[in-house]
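Q: Submitted below is the structure of interest, expressed as structure tokens.
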Amino acid sequence: MAATAQAQRKVPLGRRLSDLALPIFTAVLMIFLFAPIAVMIIFSFNDPAGRQNITWQGFTLRNYIDLWGRSQITTPMIVSLAIAALSTIVATAFGTMIALALTRYQFRGRGMTNLFIFIPMTAPEIILGASLLTLWVSFGVERGFFTILASHIMFCISFVVVTVRARLAGFNRSLEEAGMDLYANGWTTFWKVTFPIIFPGVLSAALLAFALSIDDYVITLFSAGSTVTFPLWVFGVSRLGIPPEVNVLGTLIFLLAVVFIVVQLGMQRRERRAAEARA
Amino acid sequence: MRSLGRRITPALLLLPGGAWLIAFFAIPMAFMLVISLQTGTFDTGYQLTWNFAIYPEVIAEYWDLYVRSFIFAILTTFITLAVGYPVAYFIAFRGGRFKNILLLLVILPFFVSFVIRTLNWRMILSDNGIVFGPLKDIGLLPPDFHFLATPASVVFGLTYNFLPFMILPLYVALEKIDRRLIEAATDLYASRATAFWRITFVLSLPGVFAGSLLVFIPAMGDFITAEVIGAGNPQVFMVGNIIQRKFLDSLDYPSASALAFVLVAAVMILIAIYARVVGSERLTS
């Protein structure tokens, strides 16, 4: 009797332990993932004695107040934002068009096109950057804002194609046919029927392009010349230690991402509820 | 008329983006190949002399860097797989309604610029930083202990930076698995371990395949980690560091281009072997 009771208890106990192992491991990994973020946030409030922002000296909000209006900080920020905005617009338009062509039409060389779109995403960044440098050098193109822009549009296109294509895959063609039956021409059907349906996909593709562009260091480095983007500036000023203003800007970007994700989650939930209500 | 439209529309849709990719991805590759075959110096100018001898030269000179890059990248791939698999498994099978939140938490740190993240790791792991400083003070570590600038530190940094590229495809593959297959296995008296290795793991192999490529390829070409966490120590340099220096500091374009091409070729050969061994057709279909 006692033996069976023990056996009964023993199995769940072993199970319970192994059931605990996974969540604990996941929690530890999360701590690992967030460690540099936590340090970044904490040290953005540090009051360092010199440039060496390595040990905790004391709490201050000065780093957040001093930041604004210093052109050596704001200029790279503006350059990065401008490049990210422009490359997002162009890459999203071009990439969405390619995604439409790949999902809607049967044509010769479709497989090759798919492969060709896929390669820039998987190639090591240094290869993309270095080969672009050889292009600029060969043509004697002065490197700067526009060479960076061209390179960012290039590497964003593939990511846009993949993101929009995922949305188009589950698309119900009969809606478009209904539009056509009601004598809408192809153009009207696209803007009134197709585009509103794929819009969430296009939006997430655009956000991905923006995030990739504003964070890019490697490809930018090879096409920048004397132009300084935000990641290049960060790298340049942090040779010895990280100045507090780098952590301040990192913290602000992180906050922006969090706010943004919370809003998107809310939107998703609303969309799901609406879909459930309709069903 | 309509059939003509159907034939022309895809071409028109492909044209701007396709032309952009050809102009700024395919053509630059061709230029890099041509430049690798030039000789000369930056001051006197480079002429195309079809100098194929540069390839054996750079391979001989930088062979150990290719080997080191390979070792770092393969270690990173195995560690991210070993660490990422349990997490992806937990989220996919036991995440419940927190699945999306957990997945978001995995990628959230990566919304901060990777330059800033890597710089903060350098600070955390510095000789007298917030981790090793206290450990040295209480005598758990010798005072001259250092972690930065060691091979282990570079692999550590690579692992951190590429972990989500492993976790996400693993999660996608695990999430798709039909749970009834696992139930069937346990109903047939397979132990939990057997059911895992014979069913779950096998069905997640496409994720393992995709994840290991997504980690291995960029890790092989990385140079920032060795620059920052490796503290620019030439002893831990990867081939990317040499390519970057030759292109941007010494302006030795021909040998830099040759090094880059050898890297591309090496990566492609390794992927081909890997796909052969794993049988990518069986996995992706």
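Each chain of the structure tokens is named A, B, ... in the order shown, its residues numbered from 1; ligands are numbered from 1 in display order.
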At a cut-off of 7 Å, can you tabulate as CSV every residue of chain B near chain A together with its closest atom pair and the distance in Å to one decimal, using only C-alpha atoms and ordering rows by chain then number?
A:
```
residue,atom,partner,partner_atom,distance
B:Pro10,CA,A:Ala101,CA,4.8
B:Leu13,CA,A:Met97,CA,4.9
B:Leu14,CA,A:Ile98,CA,5.0
B:Pro16,CA,A:Phe94,CA,6.2
B:Gly17,CA,A:Phe94,CA,4.7
B:Trp20,CA,A:Met154,CA,6.5
B:Leu21,CA,A:Met154,CA,5.8
B:Phe24,CA,A:Met154,CA,6.3
B:Phe25,CA,A:Leu128,CA,6.9
B:Pro28,CA,A:Ser131,CA,4.9
B:Met29,CA,A:Ser131,CA,5.4
B:Phe31,CA,A:Leu135,CA,6.0
B:Met32,CA,A:Ser131,CA,5.3
B:Pro86,CA,A:Leu22,CA,6.6
B:Val87,CA,A:Thr26,CA,5.3
B:Phe90,CA,A:Leu22,CA,6.2
B:Val106,CA,A:Met30,CA,6.9
B:Pro109,CA,A:Phe34,CA,6.0
B:Phe111,CA,A:Phe254,CA,6.4
B:Val112,CA,A:Phe254,CA,5.7
B:Ser113,CA,A:Asp215,CA,5.3
B:Val115,CA,A:Pro231,CA,6.6
B:Ile116,CA,A:Gly250,CA,6.9
B:Arg117,CA,A:Pro36,CA,5.7
B:Asn120,CA,A:Pro36,CA,5.4
B:Trp121,CA,A:Pro36,CA,5.8
B:Met123,CA,A:Ile54,CA,6.3
B:Gly129,CA,A:Ile54,CA,6.5
B:Ile217,CA,A:Pro124,CA,6.1
B:Pro218,CA,A:Pro124,CA,4.8
B:Gly221,CA,A:Pro124,CA,5.4
B:Ala260,CA,A:Ile127,CA,6.4
```
Q: Please dump the current selection as a short mmCIF file (atom, residue, chain, number, x, y, z; two decimals), in the first residue's frame; keep N, CA and C atoms.
A:
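The resulting file, again_0.cif, is shown below:
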```
data_model
loop_
_atom_site.label_atom_id
_atom_site.label_comp_id
_atom_site.auth_asym_id
_atom_site.auth_seq_id
_atom_site.Cartn_x
_atom_site.Cartn_y
_atom_site.Cartn_z
N PRO B 10 3.13 41.11 -65.00
CA PRO B 10 4.17 40.67 -64.08
C PRO B 10 5.53 41.29 -64.41
N LEU B 13 5.55 44.69 -62.98
CA LEU B 13 5.61 44.66 -61.52
C LEU B 13 7.02 44.33 -61.04
N LEU B 14 7.70 43.46 -61.79
CA LEU B 14 9.04 43.04 -61.38
C LEU B 14 10.09 44.09 -61.71
N PRO B 16 10.89 47.55 -61.55
CA PRO B 16 11.69 48.49 -60.74
C PRO B 16 12.52 47.79 -59.65
N GLY B 17 11.87 46.90 -58.89
CA GLY B 17 12.60 46.22 -57.82
C GLY B 17 13.69 45.31 -58.36
N TRP B 20 16.57 47.27 -59.53
CA TRP B 20 17.34 47.78 -58.39
C TRP B 20 18.28 46.70 -57.83
N LEU B 21 17.73 45.48 -57.71
CA LEU B 21 18.55 44.38 -57.18
C LEU B 21 19.68 44.02 -58.13
N PHE B 24 22.29 46.98 -57.81
CA PHE B 24 23.01 47.19 -56.55
C PHE B 24 23.30 45.90 -55.79
N PHE B 25 22.96 44.76 -56.40
CA PHE B 25 23.38 43.49 -55.78
C PHE B 25 24.17 42.62 -56.77
N PRO B 28 27.32 44.72 -58.58
CA PRO B 28 28.46 44.89 -57.68
C PRO B 28 29.26 43.61 -57.47
N MET B 29 28.56 42.46 -57.43
CA MET B 29 29.30 41.20 -57.29
C MET B 29 30.25 41.01 -58.46
N PHE B 31 31.55 43.37 -60.25
CA PHE B 31 32.65 44.33 -60.11
C PHE B 31 33.68 43.85 -59.10
N MET B 32 33.17 43.22 -58.03
CA MET B 32 34.11 42.73 -57.03
C MET B 32 35.00 41.65 -57.62
N PRO B 86 15.38 24.27 -26.37
CA PRO B 86 14.45 24.15 -25.24
C PRO B 86 13.50 25.33 -25.13
N VAL B 87 14.01 26.52 -25.45
CA VAL B 87 13.17 27.72 -25.34
C VAL B 87 12.08 27.70 -26.41
N PHE B 90 9.58 25.13 -25.38
CA PHE B 90 8.72 25.60 -24.29
C PHE B 90 7.64 26.54 -24.81
N VAL B 106 11.42 37.41 -26.80
CA VAL B 106 12.66 36.91 -27.38
C VAL B 106 13.25 37.92 -28.37
N PRO B 109 14.71 42.57 -27.30
CA PRO B 109 16.03 43.19 -27.13
C PRO B 109 16.67 43.58 -28.46
N PHE B 111 15.41 45.08 -30.84
CA PHE B 111 14.96 46.37 -31.38
C PHE B 111 15.95 47.47 -31.02
N VAL B 112 16.82 47.19 -30.08
CA VAL B 112 17.88 48.14 -29.78
C VAL B 112 19.03 47.85 -30.74
N SER B 113 19.61 48.90 -31.27
CA SER B 113 20.69 48.79 -32.23
C SER B 113 21.73 47.74 -31.79
N VAL B 115 24.75 47.53 -32.46
CA VAL B 115 26.00 48.17 -32.05
C VAL B 115 25.94 48.51 -30.56
N ILE B 116 24.80 49.07 -30.12
CA ILE B 116 24.66 49.45 -28.70
C ILE B 116 24.64 48.21 -27.81
N ARG B 117 23.95 47.15 -28.26
CA ARG B 117 23.90 45.93 -27.46
C ARG B 117 25.30 45.33 -27.29
N ASN B 120 27.43 47.32 -24.99
CA ASN B 120 27.08 47.11 -23.58
C ASN B 120 27.59 45.77 -23.07
N TRP B 121 27.62 44.77 -23.92
CA TRP B 121 28.23 43.50 -23.49
C TRP B 121 29.71 43.70 -23.19
N MET B 123 31.04 46.30 -22.08
CA MET B 123 31.15 46.96 -20.80
C MET B 123 30.86 45.99 -19.65
N GLY B 129 34.56 45.17 -14.77
CA GLY B 129 33.17 45.58 -14.96
C GLY B 129 32.26 45.01 -13.91
N ILE B 217 25.65 31.40 -41.55
CA ILE B 217 26.10 32.27 -42.64
C ILE B 217 26.49 33.66 -42.15
N PRO B 218 25.60 34.37 -41.42
CA PRO B 218 26.05 35.69 -40.96
C PRO B 218 27.20 35.61 -39.96
N GLY B 221 30.57 35.62 -41.59
CA GLY B 221 31.03 36.87 -42.16
C GLY B 221 31.12 38.01 -41.15
N ALA B 260 36.94 38.32 -50.01
CA ALA B 260 35.48 38.29 -49.91
C ALA B 260 34.91 37.18 -50.79
#
```
Q: Write out as a PyMOL selection string the set of residues from segment 24-217 of chain B that DSSP, computed on the backbone, places in strand (DSSP E).
A: chain B and resi 38-41+45-48
Q: Keeping N, CA and C atoms, export the residues of the selection given above as a PDB file, in the first residue's frame.
A:
```pdb
ATOM      1  N   GLN B  38      42.637  42.583 -60.457  1.00  0.00           N
ATOM      2  CA  GLN B  38      43.492  43.706 -60.817  1.00  0.00           C
ATOM      3  C   GLN B  38      44.779  43.684 -60.001  1.00  0.00           C
ATOM      4  N   THR B  39      45.810  44.379 -60.543  1.00  0.00           N
ATOM      5  CA  THR B  39      47.019  44.573 -59.754  1.00  0.00           C
ATOM      6  C   THR B  39      47.370  46.054 -59.758  1.00  0.00           C
ATOM      7  N   GLY B  40      48.219  46.447 -58.823  1.00  0.00           N
ATOM      8  CA  GLY B  40      48.637  47.837 -58.723  1.00  0.00           C
ATOM      9  C   GLY B  40      48.589  48.283 -57.279  1.00  0.00           C
ATOM     10  N   THR B  41      48.714  49.584 -57.051  1.00  0.00           N
ATOM     11  CA  THR B  41      48.573  50.118 -55.708  1.00  0.00           C
ATOM     12  C   THR B  41      47.508  51.208 -55.748  1.00  0.00           C
ATOM     13  N   GLY B  45      47.023  53.483 -59.003  1.00  0.00           N
ATOM     14  CA  GLY B  45      45.838  52.985 -59.692  1.00  0.00           C
ATOM     15  C   GLY B  45      45.942  51.488 -59.947  1.00  0.00           C
ATOM     16  N   TYR B  46      44.752  50.856 -60.091  1.00  0.00           N
ATOM     17  CA  TYR B  46      44.716  49.413 -60.312  1.00  0.00           C
ATOM     18  C   TYR B  46      44.375  49.119 -61.767  1.00  0.00           C
ATOM     19  N   GLN B  47      45.120  48.173 -62.381  1.00  0.00           N
ATOM     20  CA  GLN B  47      44.790  47.749 -63.741  1.00  0.00           C
ATOM     21  C   GLN B  47      44.368  46.285 -63.747  1.00  0.00           C
ATOM     22  N   LEU B  48      43.441  45.982 -64.648  1.00  0.00           N
ATOM     23  CA  LEU B  48      42.981  44.598 -64.776  1.00  0.00           C
ATOM     24  C   LEU B  48      44.055  43.779 -65.487  1.00  0.00           C
TER      25      LEU B  48
END
```
Q: Skip segment 222-229 of chain B itself and residues of its chain fewer than 5 positions away, then list as a ChimeraX atom specification all residues within 6 Å of it, counting only C-alpha atoms.
A: /B:122,148,154,237,240-241
Q: Quick one: residues within 7 Å of Ser257 of chain B, only C-alpha atoms counted, chain neighbours fewer than 4 positions away excluded, as a ChimeraX atom specification?
A: /B:32-33,35-36,253,261
Q: Using N, CA and C atoms, can you write the selected residues to a file as a PDB file, in the first residue's frame?
A:
```pdb
ATOM      1  N   MET B  32      33.175  43.222 -58.032  1.00  0.00           N
ATOM      2  CA  MET B  32      34.107  42.731 -57.028  1.00  0.00           C
ATOM      3  C   MET B  32      35.005  41.646 -57.620  1.00  0.00           C
ATOM      4  N   LEU B  33      34.402  40.821 -58.475  1.00  0.00           N
ATOM      5  CA  LEU B  33      35.190  39.774 -59.125  1.00  0.00           C
ATOM      6  C   LEU B  33      36.266  40.399 -60.019  1.00  0.00           C
ATOM      7  N   ILE B  35      37.569  43.401 -59.840  1.00  0.00           N
ATOM      8  CA  ILE B  35      38.587  44.112 -59.062  1.00  0.00           C
ATOM      9  C   ILE B  35      39.562  43.149 -58.402  1.00  0.00           C
ATOM     10  N   SER B  36      39.059  41.944 -58.047  1.00  0.00           N
ATOM     11  CA  SER B  36      39.965  40.981 -57.414  1.00  0.00           C
ATOM     12  C   SER B  36      41.072  40.543 -58.372  1.00  0.00           C
ATOM     13  N   TYR B 253      42.178  47.037 -52.530  1.00  0.00           N
ATOM     14  CA  TYR B 253      40.920  46.507 -53.062  1.00  0.00           C
ATOM     15  C   TYR B 253      41.052  45.119 -53.685  1.00  0.00           C
ATOM     16  N   PHE B 261      35.475  37.029 -51.981  1.00  0.00           N
ATOM     17  CA  PHE B 261      34.973  35.985 -52.874  1.00  0.00           C
ATOM     18  C   PHE B 261      35.239  34.591 -52.348  1.00  0.00           C
TER      19      PHE B 261
END
```
Q: Would you mind writing down, as a ChimeraX atom specification, each residue of segment 151-215 of chain A that DSSP on the backbone assigns to alpha helix (DSSP H)?
A: /A:151-169,173-181,186-189,195-215
Q: Using atom CA of Val208 of chain B and atom CA of Arg192 of chain B as the two end points, give the distance in Å to one decimal.
A: 20.5 Å
Q: Between B:Ile130, B:Ala210, B:Val58, B:Ala19, which one has atoms that come closest to Ile242 of chain B, using only C-alpha atoms?
A: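 Result for the nearest residue to Ile242 of chain B: B:Val58.
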Q: So, counting only C-alpha atoms, which residue among B:Ala82, B:Ile243, B:Leu259, B:Ile273 is closest to Ala60 of chain B?
A: B:Leu259
Q: Mind pulling up the distance from atom CA of Ala73 of chain B to atom CA of Leu115 of chain A?
A: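 A separation of 24.1 Å between them.
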Q: Can you work out which one of B:Tyr89, B:Tyr55, B:Phe110, B:Phe216 has the shortest atom-to-atom distance to Pro164 of chain B, counting only C-alpha atoms?
A: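 Closest to Pro164 of chain B, using only C-alpha atoms: B:Phe110.
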